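Enquirer: Sharing a structure with you now.
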Amino acid sequence: MDGQTLHTKQPHTAGRGDRVARTRESIVASALALAAAGQVAPIVRDIAQMAGVSARTVFQHFADTAELYVAVLGRVLAALVGEAPEIAAAGPVETRIASMINQCADRYEQLRPMWTFVETLQRRSPEAADMISKIYSANTAQLSQAFAPELGALPAESRQRTLTALALAIAPESWVVLRQRLGLSVDQARDELGFVVQSVFATEAARR
């Protein structure tokens, strides 16, 4: 009898769990859509309306808006980091630079509409700041791998400086400055980043 009762309750529990997951997903997706539309701090009323739930339901899934925003940021950054395939440390350096710049351009262009949201959140939330730092760590690791021959040929004292300069050049902020502050097109911004990265290597090569 107990076994039968347990068996009949399992589909109900699973179904409820699915509904909870779907509702949470809808809330996060709605907040993400509003952030991508340029809202620095999407309000719960708008999030709830877009998700088709009540404001009370939002707070049943998230303790506060900060927790919701961090969930949104996690979704964005997981997608961005996950979309970055490795660049083999072989072939002409110009080809590898172009591949790196194209990758960054594609990822950062997705992030750009909500960059103010990201900046604001990382100032307010240590958890968000830690998540953002992972992008920089991922960039540095990718640069180290993609340009291992060039970095390895440099003197030890300039190797880290070069890697830091490269990481700075392809940071998300650099893309935002080129696109929004300077008003460059995507292709122009790509060209400028490529020029900067090539200049870093040329400068260090000239010092040897």
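In the structure tokens, chains take letters A, B, ... by order of appearance, with residues numbered from 1 within each chain and ligands from 1 in the order shown.
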Hey, what's within 8 Å of range 52-62 of chain A if we count only C-alpha atoms and toss same-chain stuff fewer than 5 positions away? As number ranges by chain, please?
Expert: A: 24, 27, 44-45, 67-68
Enquirer: For the selection just defined, write its residues with N, CA and C atoms to a file, as a JSON list (two decimals), in the first residue's frame.
Expert:
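This went into selection_3.json:
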```json
[["chain", "number", "residue", "atom", "x", "y", "z"],
["A", 24, "ARG", "N", 10.27, 29.79, -13.10],
["A", 24, "ARG", "CA", 11.54, 30.47, -12.80],
["A", 24, "ARG", "C", 12.25, 30.86, -14.10],
["A", 27, "ILE", "N", 10.61, 33.89, -15.64],
["A", 27, "ILE", "CA", 10.95, 35.12, -14.92],
["A", 27, "ILE", "C", 12.34, 35.61, -15.31],
["A", 44, "VAL", "N", 10.06, 44.79, -10.98],
["A", 44, "VAL", "CA", 9.36, 43.52, -10.83],
["A", 44, "VAL", "C", 8.02, 43.52, -11.54],
["A", 45, "ARG", "N", 7.31, 44.64, -11.50],
["A", 45, "ARG", "CA", 6.01, 44.70, -12.16],
["A", 45, "ARG", "C", 6.13, 44.37, -13.64],
["A", 67, "GLU", "N", 18.95, 39.08, -6.25],
["A", 67, "GLU", "CA", 19.13, 37.66, -6.53],
["A", 67, "GLU", "C", 18.67, 37.34, -7.95],
["A", 68, "LEU", "N", 17.56, 37.95, -8.35],
["A", 68, "LEU", "CA", 17.07, 37.75, -9.72],
["A", 68, "LEU", "C", 18.06, 38.29, -10.74]]
```
Enquirer: Could you pull out the helix (DSSP H, G or I) residues of chain A, going by DSSP on the backbone, and write them as number ranges by chain?
Expert: A: 2-36, 44-51, 55-61, 65-82, 93-124, 126-146, 148-152, 156-169, 172-181, 186-207
Enquirer: Distance table requested - range 87-141 of chain A against range 150-167 of chain A, cut-off 9 Å, only C-alpha atoms: one row per qualifying residue with the closest atom pair and its distance in Å to one decimal, ordered by chain and rising residue number, as CSV.
Expert:
```
residue,atom,partner,partner_atom,distance
A:Val93,CA,A:Glu150,CA,8.3
A:Tyr136,CA,A:Ala167,CA,7.3
A:Asn139,CA,A:Ala167,CA,6.5
A:Thr140,CA,A:Ala167,CA,5.8
```
Enquirer: If you measure from CA of Val72 in chain A to CA of Leu32 in chain A, what distance in Å do you get, rounded to one decimal?
Expert: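 These two atoms are separated by 5.7 Å.
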Enquirer: Report as a list in words all protein, DNA and RNA residues lying within 7 Å of Ala51 in chain A, evaluated on only C-alpha atoms, omitting residues in the same chain fewer than 2 positions from it.
Expert: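 Listed by chain and then number, they are Ser26, Ile27, Ser30, Ile47, Ala48, Gln49 and Val53 of chain A.
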Enquirer: Restrict the selected residues to N, CA and C atoms and save them as a short mmCIF file (atom, residue, chain, number, x, y, z; two decimals), in the first residue's frame.
Expert:
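Okay, again-v7.cif is ready:
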```
data_model
loop_
_atom_site.label_atom_id
_atom_site.label_comp_id
_atom_site.auth_asym_id
_atom_site.auth_seq_id
_atom_site.Cartn_x
_atom_site.Cartn_y
_atom_site.Cartn_z
N SER A 26 10.89 31.46 -16.97
CA SER A 26 10.15 32.55 -17.61
C SER A 26 10.47 33.88 -16.95
N ILE A 27 10.61 33.89 -15.64
CA ILE A 27 10.95 35.12 -14.92
C ILE A 27 12.34 35.61 -15.31
N SER A 30 12.40 36.88 -18.87
CA SER A 30 11.74 38.18 -19.00
C SER A 30 12.62 39.30 -18.49
N ILE A 47 8.66 42.77 -15.13
CA ILE A 47 9.14 41.39 -15.28
C ILE A 47 7.98 40.41 -15.14
N ALA A 48 7.16 40.63 -14.11
CA ALA A 48 6.03 39.75 -13.85
C ALA A 48 5.04 39.78 -15.01
N GLN A 49 4.77 40.96 -15.51
CA GLN A 49 3.82 41.10 -16.63
C GLN A 49 4.31 40.35 -17.85
N VAL A 53 3.07 36.25 -14.79
CA VAL A 53 2.88 35.85 -13.39
C VAL A 53 2.64 37.11 -12.56
#
```
Enquirer: Could you give me, as a PyMOL selection string, the residues within 8 Å of range 98-104 of chain A, counting only C-alpha atoms and dropping anything in the same chain fewer than 6 positions from it?
Expert: chain A and resi 84+87+170+190+193-194
Enquirer: Next, the residues of the selection above should be written as an mmCIF file, in the first residue's frame with N, CA and C atoms.
Expert:
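Dumped to result_27.cif:
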```cif
data_model
loop_
_atom_site.group_PDB
_atom_site.id
_atom_site.type_symbol
_atom_site.label_atom_id
_atom_site.label_comp_id
_atom_site.auth_asym_id
_atom_site.auth_seq_id
_atom_site.Cartn_x
_atom_site.Cartn_y
_atom_site.Cartn_z
ATOM 1 N N ALA A 84 32.788 30.391 -26.632
ATOM 2 C CA ALA A 84 34.141 30.711 -27.089
ATOM 3 C C ALA A 84 34.948 29.438 -27.347
ATOM 4 N N ILE A 87 41.187 28.500 -29.770
ATOM 5 C CA ILE A 87 41.911 28.892 -30.974
ATOM 6 C C ILE A 87 43.275 28.199 -30.929
ATOM 7 N N ILE A 170 41.146 43.364 -25.388
ATOM 8 C CA ILE A 170 39.936 42.629 -25.771
ATOM 9 C C ILE A 170 38.943 42.512 -24.610
ATOM 10 N N ARG A 190 36.117 46.073 -34.978
ATOM 11 C CA ARG A 190 36.966 44.890 -35.179
ATOM 12 C C ARG A 190 38.346 45.311 -35.698
ATOM 13 N N LEU A 193 40.446 46.954 -32.908
ATOM 14 C CA LEU A 193 40.971 45.986 -31.945
ATOM 15 C C LEU A 193 42.097 45.169 -32.556
ATOM 16 N N GLY A 194 41.925 44.781 -33.811
ATOM 17 C CA GLY A 194 42.986 44.031 -34.489
ATOM 18 C C GLY A 194 44.268 44.838 -34.576
#
```
